[in-house]
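Participant: Just one file: final.tsv, with TSV, C-alpha atoms.
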chain	number	residue	atom	x	y	z
U	1	ALA	CA	-68.32	-1.77	89.56
U	2	SER	CA	-65.86	-0.15	87.20
U	3	TRP	CA	-64.13	3.18	86.68
U	4	VAL	CA	-62.95	4.25	83.23
U	5	VAL	CA	-60.00	6.30	84.42
U	6	SER	CA	-58.97	7.37	80.92
U	7	GLU	CA	-62.18	9.43	80.64
U	8	GLU	CA	-61.28	11.64	83.58
U	9	GLY	CA	-60.10	15.19	82.99
U	10	PHE	CA	-56.71	14.68	84.63
U	11	MET	CA	-55.93	11.95	82.04
U	12	LYS	CA	-56.61	14.02	78.94
U	13	SER	CA	-53.10	15.43	78.58
U	14	GLN	CA	-51.24	12.12	78.89
U	15	LYS	CA	-50.33	10.10	75.76
U	16	PHE	CA	-49.44	6.70	77.25
U	17	PHE	CA	-52.93	5.26	77.90
U	18	ASP	CA	-55.53	5.16	75.14
U	19	PHE	CA	-57.94	3.41	77.49
U	20	LEU	CA	-57.74	2.43	81.17
U	21	LYS	CA	-60.46	0.83	83.25
U	22	LEU	CA	-60.33	-0.41	86.84
U	23	ARG	CA	-62.97	-2.95	87.86
U	24	ALA	CA	-64.10	-4.95	90.87
U	25	GLU	CA	-66.74	-7.62	91.29
U	26	TRP	CA	-68.36	-9.34	94.25
U	27	GLY	CA	-71.16	-11.88	94.36
U	28	ASN	CA	-72.80	-14.40	96.67
U	29	LEU	CA	-74.25	-17.29	94.69
U	30	GLY	CA	-76.28	-20.39	95.36
U	31	TYR	CA	-74.66	-23.38	93.70
U	32	GLN	CA	-75.55	-27.05	93.34
U	33	ASN	CA	-73.27	-29.48	91.56
U	34	ASN	CA	-74.40	-32.87	92.86
U	35	THR	CA	-76.27	-35.21	90.54
U	36	PRO	CA	-78.84	-36.32	91.27
U	37	ALA	CA	-80.00	-33.70	93.76
U	38	THR	CA	-83.48	-35.17	94.03
U	39	GLY	CA	-84.06	-37.65	96.82
U	40	MET	CA	-81.39	-36.24	99.13
U	41	TYR	CA	-84.18	-34.95	101.39
U	42	GLU	CA	-86.01	-38.28	101.68
U	43	GLU	CA	-85.10	-41.47	103.46
U	44	LYS	CA	-84.64	-44.61	101.41
U	45	TRP	CA	-85.13	-48.18	102.54
U	46	LEU	CA	-84.21	-51.41	100.80
U	47	GLY	CA	-85.70	-54.84	101.29
U	48	GLY	CA	-83.97	-58.17	101.45
U	49	SER	CA	-84.05	-61.58	103.02
U	50	GLY	CA	-82.56	-62.60	106.31
U	51	THR	CA	-81.05	-65.82	107.60
U	52	ALA	CA	-83.15	-68.95	107.06
U	53	PHE	CA	-84.33	-70.58	110.27
U	54	GLY	CA	-85.94	-73.80	111.50
U	55	PRO	CA	-85.54	-76.59	114.08
U	56	TYR	CA	-83.44	-78.82	111.88
U	57	THR	CA	-80.18	-78.47	110.02
U	58	ASN	CA	-82.08	-78.03	106.75
U	59	ASN	CA	-83.98	-75.01	108.24
U	60	ARG	CA	-87.40	-76.45	107.58
U	61	TRP	CA	-90.32	-76.53	109.98
U	62	PHE	CA	-92.63	-78.65	107.87
U	63	GLY	CA	-92.28	-80.48	104.59
U	64	THR	CA	-89.87	-79.04	102.05
U	65	SER	CA	-90.52	-75.33	102.66
U	66	THR	CA	-87.54	-73.28	103.85
U	67	GLU	CA	-88.53	-70.41	106.12
U	68	THR	CA	-86.67	-67.14	105.35
U	69	PRO	CA	-87.79	-63.82	106.94
U	70	SER	CA	-88.00	-60.57	104.98
U	71	THR	CA	-85.94	-57.61	106.15
U	72	ALA	CA	-85.78	-53.86	105.55
U	73	TYR	CA	-82.85	-51.56	106.21
U	74	TYR	CA	-81.71	-47.98	105.67
U	75	ASN	CA	-80.05	-47.42	102.33
U	76	LYS	CA	-79.92	-43.65	102.63
U	77	ILE	CA	-80.57	-41.36	105.56
U	78	ALA	CA	-82.13	-38.06	104.54
U	79	ASN	CA	-81.10	-34.59	105.63
U	80	ARG	CA	-84.10	-32.29	105.48
U	81	ASN	CA	-81.88	-29.31	106.38
U	82	LEU	CA	-79.66	-29.73	103.31
U	83	ASN	CA	-79.27	-26.42	101.51
U	84	TRP	CA	-77.46	-24.82	98.58
U	85	GLU	CA	-73.73	-24.69	98.49
U	86	THR	CA	-72.83	-20.98	98.53
U	87	ARG	CA	-70.03	-19.24	96.71
U	88	LYS	CA	-68.64	-15.84	97.55
U	89	GLU	CA	-66.73	-14.58	94.53
U	90	PHE	CA	-64.49	-11.53	94.47
U	91	SER	CA	-62.24	-10.20	91.73
U	92	VAL	CA	-60.40	-6.99	90.96
U	93	GLY	CA	-58.53	-6.05	87.81
U	94	LEU	CA	-57.74	-3.62	85.05
U	95	ASP	CA	-58.08	-3.36	81.28
U	96	ALA	CA	-55.75	-1.07	79.39
U	97	VAL	CA	-54.93	-0.08	75.83
U	98	MET	CA	-51.61	1.71	75.43
U	99	LEU	CA	-48.99	3.02	73.04
U	100	HIS	CA	-51.40	4.27	70.37
U	101	ARG	CA	-53.49	1.08	70.53
U	102	ARG	CA	-50.53	-1.20	69.92
U	103	LEU	CA	-50.51	-2.81	73.39
U	104	THR	CA	-53.54	-4.32	75.15
U	105	LEU	CA	-53.27	-5.51	78.77
U	106	ASN	CA	-55.76	-7.35	80.99
U	107	ALA	CA	-55.06	-8.42	84.57
U	108	THR	CA	-57.34	-9.97	87.21
U	109	TYR	CA	-56.96	-11.18	90.77
U	110	TYR	CA	-59.73	-13.44	92.08
U	111	ASN	CA	-60.56	-14.96	95.45
U	112	ASN	CA	-63.57	-17.28	95.61
U	113	GLU	CA	-64.83	-19.17	98.63
U	114	ALA	CA	-67.14	-22.19	98.40
U	115	SER	CA	-68.86	-23.04	101.69
U	116	GLY	CA	-71.46	-25.58	102.69
U	117	VAL	CA	-70.16	-28.00	100.06
U	118	TRP	CA	-72.21	-31.21	99.96
U	119	THR	CA	-70.29	-33.91	101.77
U	120	ARG	CA	-71.00	-37.30	103.24
U	121	ALA	CA	-69.11	-36.42	106.40
U	122	SER	CA	-68.38	-39.97	107.51
U	123	ASN	CA	-65.59	-38.84	109.84
U	124	LYS	CA	-67.91	-36.45	111.63
U	125	TYR	CA	-69.95	-39.26	113.17
U	126	PRO	CA	-68.46	-41.91	115.49
U	127	LEU	CA	-68.76	-45.53	114.39
U	128	ALA	CA	-70.77	-46.20	117.55
U	129	THR	CA	-73.77	-44.51	115.91
U	130	GLY	CA	-74.09	-47.50	113.56
U	131	ILE	CA	-74.81	-45.24	110.57
U	132	LEU	CA	-73.92	-47.17	107.43
U	133	ALA	CA	-75.10	-44.62	104.86
U	134	VAL	CA	-74.04	-41.21	106.13
U	135	PRO	CA	-76.35	-38.42	104.90
U	136	TYR	CA	-75.14	-35.48	102.86
U	137	THR	CA	-74.50	-32.31	104.88
U	138	ASN	CA	-73.34	-28.77	104.04
U	139	TYR	CA	-69.89	-29.22	105.55
U	140	ASN	CA	-66.73	-28.72	103.46
U	141	LYS	CA	-65.34	-25.31	102.63
U	142	TYR	CA	-62.84	-24.52	99.83
U	143	ARG	CA	-60.97	-21.49	98.51
U	144	TYR	CA	-60.01	-20.87	94.89
U	145	TYR	CA	-57.73	-17.88	94.32
U	146	GLY	CA	-55.12	-16.65	91.91
U	147	ALA	CA	-54.36	-14.25	89.09
U	148	GLU	CA	-54.84	-14.08	85.34
U	149	ILE	CA	-52.95	-11.79	82.98
U	150	SER	CA	-52.81	-11.41	79.21
U	151	ALA	CA	-51.10	-8.96	76.88
U	152	ARG	CA	-51.21	-8.43	73.13
U	153	TYR	CA	-48.86	-6.28	71.08
U	154	THR	CA	-49.74	-5.46	67.46
U	155	ASP	CA	-47.75	-3.38	65.01
U	156	HIS	CA	-46.40	-3.35	61.46
U	157	ILE	CA	-43.20	-2.49	59.59
U	158	GLY	CA	-44.16	-1.63	56.04
U	159	ASP	CA	-46.01	-4.62	54.58
U	160	PHE	CA	-44.96	-6.82	57.48
U	161	ARG	CA	-47.65	-7.04	60.18
U	162	TYR	CA	-47.28	-8.91	63.43
U	163	SER	CA	-49.24	-9.62	66.60
U	164	VAL	CA	-47.87	-11.31	69.72
U	165	MET	CA	-50.10	-12.43	72.56
U	166	ALA	CA	-48.97	-13.90	75.89
U	167	MET	CA	-51.16	-15.10	78.73
U	168	ALA	CA	-50.68	-16.66	82.15
U	169	THR	CA	-52.91	-18.05	84.88
U	170	LEU	CA	-51.67	-18.74	88.40
U	171	PRO	CA	-54.37	-20.79	90.19
U	172	HIS	CA	-54.30	-21.88	93.83
U	173	THR	CA	-56.71	-23.83	96.02
U	174	LYS	CA	-57.06	-24.56	99.72
U	175	TYR	CA	-59.16	-26.73	102.02
U	176	LEU	CA	-60.61	-24.38	104.66
U	177	VAL	CA	-62.87	-27.02	106.24
U	178	TYR	CA	-62.54	-30.68	105.30
U	179	ASP	CA	-64.09	-33.87	106.68
U	180	GLU	CA	-61.15	-36.00	107.72
U	181	PRO	CA	-60.21	-38.33	110.60
U	182	GLN	CA	-59.41	-36.29	113.69
U	183	TYR	CA	-56.75	-38.75	114.83
U	184	ARG	CA	-54.41	-37.76	112.03
U	185	ASP	CA	-51.13	-36.12	112.92
U	186	VAL	CA	-50.74	-32.49	111.89
U	187	TYR	CA	-48.53	-33.38	108.92
U	188	GLN	CA	-51.29	-35.63	107.53
U	189	ARG	CA	-54.12	-33.11	107.76
U	190	ARG	CA	-55.75	-31.92	104.55
U	191	THR	CA	-57.36	-28.90	106.18
U	192	GLY	CA	-55.34	-25.78	105.41
U	193	ARG	CA	-53.51	-27.41	102.49
U	194	SER	CA	-53.88	-27.20	98.73
U	195	MET	CA	-56.64	-29.32	97.23
U	196	ASP	CA	-54.08	-30.74	94.78
U	197	ALA	CA	-51.69	-31.93	97.49
U	198	ILE	CA	-49.93	-35.26	96.82
U	199	PHE	CA	-49.46	-37.36	99.95
U	200	GLY	CA	-46.87	-40.11	100.14
U	201	PHE	CA	-43.85	-41.51	101.91
U	202	VAL	CA	-40.50	-39.76	102.20
U	203	TYR	CA	-37.89	-41.94	100.49
U	204	ARG	CA	-34.60	-42.23	102.45
U	205	GLY	CA	-32.58	-44.53	100.22
U	206	ARG	CA	-32.25	-48.31	100.45
U	207	PHE	CA	-31.49	-50.70	103.24
U	208	THR	CA	-27.84	-51.69	103.25
U	209	SER	CA	-28.39	-54.99	105.08
U	210	ASP	CA	-31.13	-57.36	106.21
U	211	VAL	CA	-30.38	-56.41	109.81
U	212	GLU	CA	-31.12	-52.74	109.10
U	213	THR	CA	-34.65	-53.60	107.93
U	214	GLU	CA	-35.51	-54.66	111.50
U	215	VAL	CA	-34.34	-51.48	113.23
U	216	VAL	CA	-37.47	-49.56	112.19
U	217	PRO	CA	-39.82	-52.19	110.72
U	218	GLN	CA	-41.87	-51.22	107.66
U	219	LEU	CA	-45.19	-53.03	107.89
U	220	PHE	CA	-46.06	-53.66	104.25
U	221	ASP	CA	-44.42	-57.08	103.79
U	222	GLU	CA	-43.63	-60.04	105.99
U	223	SER	CA	-39.92	-59.31	105.60
U	224	LEU	CA	-37.63	-56.94	103.75
U	225	HIS	CA	-34.05	-57.30	102.56
U	226	ALA	CA	-31.02	-55.27	101.61
U	227	GLY	CA	-31.82	-53.11	98.59
U	228	ASP	CA	-35.47	-52.53	99.49
U	229	PHE	CA	-36.78	-49.00	99.94
U	230	LYS	CA	-36.41	-47.20	103.26
U	231	TYR	CA	-38.95	-44.56	104.32
U	232	GLU	CA	-38.92	-41.92	107.04
U	233	ASP	CA	-40.71	-42.68	110.32
U	234	LEU	CA	-42.47	-39.31	110.59
U	235	ASN	CA	-44.25	-39.86	113.91
U	236	ASN	CA	-41.26	-41.60	115.54
U	237	ASP	CA	-43.35	-44.56	116.79
U	238	GLY	CA	-40.71	-47.11	115.82
U	239	VAL	CA	-42.50	-48.48	112.74
U	240	VAL	CA	-43.35	-47.22	109.26
U	241	ASP	CA	-46.99	-47.61	108.21
U	242	ASN	CA	-49.73	-45.55	106.58
U	243	ASN	CA	-49.49	-43.01	109.40
U	244	ASP	CA	-46.11	-41.92	108.01
U	245	THR	CA	-47.30	-40.17	104.84
U	246	ARG	CA	-47.25	-36.42	104.37
U	247	GLN	CA	-47.61	-33.90	101.60
U	248	ILE	CA	-44.78	-34.38	99.14
U	249	GLY	CA	-45.94	-32.35	96.13
U	250	HIS	CA	-48.69	-30.79	94.03
U	251	SER	CA	-50.59	-32.60	91.29
U	252	ALA	CA	-52.06	-29.51	89.55
U	253	PRO	CA	-50.01	-26.85	87.72
U	254	HIS	CA	-49.70	-23.56	89.55
U	255	LEU	CA	-48.90	-21.84	86.27
U	256	TYR	CA	-50.68	-22.17	82.92
U	257	TYR	CA	-49.22	-20.02	80.16
U	258	GLY	CA	-49.49	-19.56	76.43
U	259	LEU	CA	-47.95	-17.69	73.53
U	260	ASN	CA	-49.72	-16.92	70.25
U	261	LEU	CA	-48.04	-15.40	67.22
U	262	ASN	CA	-49.61	-13.96	64.04
U	263	LEU	CA	-47.37	-12.80	61.20
U	264	SER	CA	-48.42	-11.45	57.82
U	265	TYR	CA	-46.44	-10.30	54.84
U	266	ARG	CA	-48.47	-9.15	51.88
U	267	ASP	CA	-50.53	-12.24	50.98
U	268	PHE	CA	-48.77	-14.69	53.30
U	269	ASP	CA	-49.97	-15.53	56.84
U	270	PHE	CA	-48.27	-17.47	59.61
U	271	ILE	CA	-50.07	-18.47	62.84
U	272	LEU	CA	-48.53	-20.19	65.86
U	273	ILE	CA	-50.43	-21.25	69.01
U	274	SER	CA	-48.59	-22.68	72.01
U	275	ASP	CA	-49.17	-23.35	75.69
U	276	GLY	CA	-47.45	-24.75	78.74
U	277	ARG	CA	-47.73	-25.71	82.39
U	278	ALA	CA	-45.31	-25.39	85.30
U	279	PHE	CA	-44.85	-25.65	89.07
U	280	TYR	CA	-46.34	-29.07	89.76
U	281	ASP	CA	-45.25	-32.66	90.24
U	282	GLU	CA	-45.82	-35.90	88.36
U	283	MET	CA	-45.85	-39.36	89.92
U	284	TYR	CA	-44.25	-41.97	87.68
U	285	THR	CA	-46.70	-44.60	88.89
U	286	ASN	CA	-49.01	-45.32	85.96
U	287	THR	CA	-48.85	-48.54	83.96
U	288	TYR	CA	-46.16	-47.19	81.64
U	289	PHE	CA	-43.64	-46.61	84.43
U	290	MET	CA	-44.71	-49.56	86.59
U	291	ASN	CA	-45.73	-52.32	84.17
U	292	GLY	CA	-44.39	-55.84	84.01
U	293	TRP	CA	-46.48	-57.69	86.60
U	294	GLY	CA	-46.66	-60.87	84.56
U	295	ASP	CA	-48.20	-59.99	81.19
U	296	ASN	CA	-44.82	-60.23	79.43
U	297	ASN	CA	-45.30	-56.74	77.97
U	298	TYR	CA	-42.81	-54.15	79.17
U	299	SER	CA	-42.54	-50.47	78.32
U	300	LYS	CA	-39.39	-48.94	76.92
U	301	TYR	CA	-38.91	-47.14	80.23
U	302	VAL	CA	-38.94	-50.40	82.22
U	303	VAL	CA	-36.62	-52.19	79.79
U	304	ARG	CA	-34.24	-49.24	79.76
U	305	ASN	CA	-34.17	-48.79	83.55
U	306	CYS	CA	-34.83	-52.24	85.02
U	307	SER	CA	-31.30	-52.38	86.45
U	308	ASN	CA	-31.03	-48.67	87.31
U	309	PRO	CA	-31.44	-48.23	91.11
U	310	ASP	CA	-32.23	-44.53	90.66
U	311	LYS	CA	-35.26	-45.27	88.47
U	312	LEU	CA	-36.84	-48.56	89.58
U	313	PRO	CA	-36.76	-50.99	92.53
U	314	THR	CA	-34.40	-53.94	92.51
U	315	LEU	CA	-35.52	-56.85	90.33
U	316	THR	CA	-36.91	-59.76	92.36
U	317	TYR	CA	-38.66	-63.08	91.74
U	318	TYR	CA	-41.37	-62.05	94.20
U	319	GLN	CA	-43.51	-58.96	94.68
U	320	VAL	CA	-42.39	-56.50	97.36
U	321	ALA	CA	-45.33	-54.18	98.11
U	322	ASN	CA	-43.05	-51.93	100.17
U	323	ASN	CA	-41.11	-50.78	97.12
U	324	TRP	CA	-44.18	-49.70	95.14
U	325	LYS	CA	-45.72	-47.28	97.61
U	326	GLY	CA	-46.29	-43.72	96.45
U	327	SER	CA	-43.24	-41.82	97.64
U	328	THR	CA	-40.78	-39.10	96.75
U	329	PHE	CA	-38.79	-41.77	94.85
U	330	TYR	CA	-41.41	-41.78	92.09
U	331	MET	CA	-42.13	-38.05	92.17
U	332	HIS	CA	-40.63	-35.80	89.49
U	333	LYS	CA	-41.03	-32.18	88.52
U	334	GLY	CA	-43.76	-31.69	85.95
U	335	GLY	CA	-43.99	-29.01	83.32
U	336	TYR	CA	-43.88	-28.66	79.58
U	337	PHE	CA	-44.10	-26.25	76.68
U	338	LYS	CA	-46.01	-27.38	73.61
U	339	ILE	CA	-46.57	-25.94	70.14
U	340	GLN	CA	-50.19	-26.90	69.66
U	341	ASN	CA	-50.90	-25.49	66.18
U	342	ILE	CA	-49.02	-23.93	63.27
U	343	GLU	CA	-50.63	-22.68	60.08
U	344	LEU	CA	-49.02	-21.26	56.95
U	345	ALA	CA	-51.33	-19.74	54.35
U	346	TYR	CA	-51.29	-17.87	51.06
U	347	ASN	CA	-54.19	-15.58	50.14
U	348	LEU	CA	-54.78	-15.25	46.40
U	349	PRO	CA	-57.04	-12.29	45.61
U	350	LEU	CA	-59.11	-12.58	42.45
U	351	ALA	CA	-61.01	-10.17	40.30
U	352	THR	CA	-64.69	-9.98	41.25
U	353	SER	CA	-65.62	-10.39	37.59
U	354	ASN	CA	-64.67	-14.10	37.42
U	355	ALA	CA	-67.42	-16.45	36.36
U	356	LEU	CA	-67.84	-18.18	39.78
U	357	GLY	CA	-67.91	-14.96	41.80
U	358	VAL	CA	-64.90	-16.03	43.90
U	359	ARG	CA	-63.22	-13.00	45.47
U	360	LYS	CA	-60.37	-14.71	47.35
U	361	VAL	CA	-58.70	-18.11	47.48
U	362	ARG	CA	-56.76	-19.13	50.59
U	363	PHE	CA	-54.34	-22.07	50.45
U	364	PHE	CA	-53.16	-23.38	53.82
U	365	VAL	CA	-51.21	-26.17	55.49
U	366	ARG	CA	-51.68	-26.86	59.18
U	367	GLY	CA	-50.06	-28.99	61.86
U	368	ALA	CA	-51.22	-29.86	65.38
U	369	ASN	CA	-49.28	-31.13	68.40
U	370	LEU	CA	-46.01	-30.55	66.61
U	371	LEU	CA	-43.42	-30.05	69.35
U	372	THR	CA	-43.21	-30.75	73.07
U	373	VAL	CA	-40.40	-29.56	75.35
U	374	SER	CA	-40.46	-31.55	78.58
U	375	GLY	CA	-38.32	-33.52	80.98
U	376	THR	CA	-40.85	-36.37	81.06
U	377	PRO	CA	-39.52	-39.41	79.15
U	378	ASP	CA	-41.50	-41.17	76.42
U	379	VAL	CA	-45.09	-40.18	77.33
U	380	ASP	CA	-47.02	-37.02	76.46
U	381	PRO	CA	-46.92	-34.77	79.57
U	382	GLU	CA	-50.23	-33.16	78.58
U	383	SER	CA	-51.98	-36.50	79.17
U	384	PHE	CA	-49.77	-38.89	81.08
U	385	SER	CA	-51.63	-42.05	80.09
U	386	SER	CA	-52.48	-41.19	76.48
U	387	GLY	CA	-51.53	-44.03	74.18
U	388	ILE	CA	-51.23	-46.41	77.15
U	389	ASP	CA	-54.71	-47.11	78.47
U	390	ARG	CA	-56.58	-44.44	76.51
U	391	TYR	CA	-56.62	-42.88	73.07
U	392	PRO	CA	-53.31	-41.14	72.22
U	393	LEU	CA	-52.81	-37.44	71.51
U	394	ASN	CA	-51.77	-37.63	67.86
U	395	ARG	CA	-49.63	-35.33	65.78
U	396	THR	CA	-51.70	-34.36	62.75
U	397	PHE	CA	-51.11	-32.53	59.45
U	398	SER	CA	-53.72	-31.13	57.11
U	399	GLY	CA	-54.09	-28.80	54.17
U	400	GLY	CA	-56.89	-27.21	52.25
U	401	ILE	CA	-58.39	-24.38	50.26
U	402	ASN	CA	-60.83	-21.71	51.46
U	403	LEU	CA	-62.94	-19.86	48.89
U	404	THR	CA	-64.49	-16.48	49.65
U	405	PHE	CA	-67.42	-15.42	47.41
Would you mind writing the file out in structure tokens?
Facilitator:
Amino acid sequence: ASWVVSEEGFMKSQKFFDFLKLRAEWGNLGYQNNTPATGMYEEKWLGGSGTAFGPYTNNRWFGTSTETPSTAYYNKIANRNLNWETRKEFSVGLDAVMLHRRLTLNATYYNNEASGVWTRASNKYPLATGILAVPYTNYNKYRYYGAEISARYTDHIGDFRYSVMAMATLPHTKYLVYDEPQYRDVYQRRTGRSMDAIFGFVYRGRFTSDVETEVVPQLFDESLHAGDFKYEDLNNDGVVDNNDTRQIGHSAPHLYYGLNLNLSYRDFDFILISDGRAFYDEMYTNTYFMNGWGDNNYSKYVVRNCSNPDKLPTLTYYQVANNWKGSTFYMHKGGYFKIQNIELAYNLPLATSNALGVRKVRFFVRGANLLTVSGTPDVDPESFSSGIDRYPLNRTFSGGINLTF
């Protein structure tokens, strides 16, 4: 449903809006994203062989034949009541053109709810049932909500023409219903939290003595020593274990933004495309920040910070699992701004009477991934592991000629 407000009689006398539309949208959709979907409604059995048997140690009744029984067991339990995941989607927004068509504005708020999400709800059934292959059920429920806004301003000063476009997206997610162990403490629950929540230990400095490591034991190594990491005992049970993790950050940006610029002066064009991300956290725990487990190949970060207690654990001749747990020690603020593309071009108009019929020649030079502004050392924040265990994001330059006939 939409309402073009600028067409109403009471808007005719105003000069600010050239066009103004208010809009709203609601829908209830059936959705299926699991592959393969076929076979989820039918039981599946697998065959195998059991333990050999016989009256003697060689499990033979007669001669040289070994007796082994055949077996069959459930590989998948069907759910004949499995149905579509459903999505209720709602959005409201406006589209406007203002200032004698120089400024264009679009804004949208959305709130979508996915319910009955296919889940193997293993925590829903007690282990006493003996179910090894939990069937899919319509169980989980998620919410996706946020806002999107974009604006473009276009104008000219004599022969100089310019267009500036800015855009931003502010996405959020939440677990409304989530299959998780019911014995978890409240601070460990996923239900009610963002779907991008990072869970880990709360770093509280380092032990100052061997004696201090025994006051609240941390159960990840046989023994700890002065200089090892100390974590907070969140449930106050006198030990630190996997029950002492909580949400410490967000892995997904809560702001995506971009800025595009188009400039023209007579026959010259300049185009700039940029984007960025903000309001999220990065864990310095990939192989670049944590390498050196015996392959004699160390990253610049490790070499530079191997003796820096604020960056890496204390060097030892033995592995201390306690010091490499995901925690606030390794968590850093994410975010970057990147100039993705720049193009500079010259348009050479030609007379239409030339022998080849060429009307215009465009010479251009172009660069991609030219500049990144970020607090992340060494690696590309757009893809944390690029160039480490996957193909790198390269900086490229190109040039060419376009002919218009």
Participant: Which residues are near range 178-180 of chain U? Cut-off 7 Å, all atoms listed in the file, ignore same chain within fewer than 5 positions. Put them as an mmCIF file with C-alpha atoms, in the frame of the given file.
Facilitator:
data_model
loop_
_atom_site.group_PDB
_atom_site.id
_atom_site.type_symbol
_atom_site.label_atom_id
_atom_site.label_comp_id
_atom_site.auth_asym_id
_atom_site.auth_seq_id
_atom_site.Cartn_x
_atom_site.Cartn_y
_atom_site.Cartn_z
ATOM 1 C CA ALA U 121 -69.110 -36.420 106.400
ATOM 2 C CA ASN U 123 -65.590 -38.840 109.840
ATOM 3 C CA LYS U 124 -67.910 -36.450 111.630
ATOM 4 C CA ASN U 140 -66.730 -28.720 103.460
ATOM 5 C CA LYS U 141 -65.340 -25.310 102.630
ATOM 6 C CA ARG U 190 -55.750 -31.920 104.550
ATOM 7 C CA THR U 191 -57.360 -28.900 106.180
#
Participant: Between CA of Val134 in chain U and CA of Ala114 in chain U, what is the distance in Å, rounded to a tenth?
Facilitator: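 These two atoms are separated by 21.7 Å.
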Participant: Please, what distance in Å, to one decimal, runs between CA of Ala78 in chain U and CA of Glu42 in chain U?
Facilitator: 4.8 Å
Participant: Pull the neighbourhood of (-56.9, -2.7, 75.8) for me: all residues within 12 Å in file coordinates, counting only C-alpha atoms, as a list in words.
Facilitator: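 Checking each residue against the 12 Å limit leaves Val4, Ser6, Phe17, Asp18, Phe19, Leu20, Lys21, Leu22, Leu94, Asp95, Ala96, Val97, Met98, Leu99, His100, Arg101, Arg102, Leu103, Thr104, Leu105, Asn106, Ala107, Ser150, Ala151, Arg152, Tyr153 and Thr154 of chain U.
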Participant: Near range 80-85 of chain U, within 10 Å and counting only C-alpha atoms, which residues show up once chain neighbours fewer than 4 positions away are dropped, as a list in words?
Facilitator: Leu29, Gly30, Tyr31, Gln32, Asn33, Asn34, Met40, Tyr41, Glu42, Glu43, Ala114, Ser115, Gly116, Val117, Trp118, Pro135, Tyr136, Thr137, Asn138, Tyr139, Asn140 and Lys141 of chain U
Participant: Output as a Markdown table one row per residue of range 279-349 of chain U within 8 Å of range 382-395 of chain U: the closest atom pair and its distance in Å to one decimal place, counting all atoms listed in the file, sorted by chain and residue number ascending.
Facilitator:
| residue | atom | partner | partner_atom | distance |
| --- | --- | --- | --- | --- |
| U:Asn286 | CA | U:Ser385 | CA | 7.2 |
| U:Thr287 | CA | U:Ile388 | CA | 7.5 |
| U:Tyr288 | CA | U:Ile388 | CA | 6.8 |
| U:Tyr336 | CA | U:Glu382 | CA | 7.8 |
Participant: For Gly375 in chain U, which of U:Val186, U:Ala278, U:Leu224, U:Leu356 is the closest residue, counting only C-alpha atoms?
Facilitator: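 Counting only C-alpha atoms, the residue closest to Gly375 in chain U is U:Ala278.
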Participant: So, counting all atoms listed in the file, which residue among U:Asn347, U:Asn235, U:Thr328, U:Asn242 is closest to Arg266 in chain U?
Facilitator: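 For Arg266 in chain U, the nearest of the given residues is U:Asn347.
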Participant: Any idea what's packed within 8 Å of range 162-170 of chain U, counting all atoms listed in the file, ignoring anything in its chain fewer than 5 positions away? Could you give it as a PyMOL selection string?
Facilitator: chain U and resi 146-156+254-264
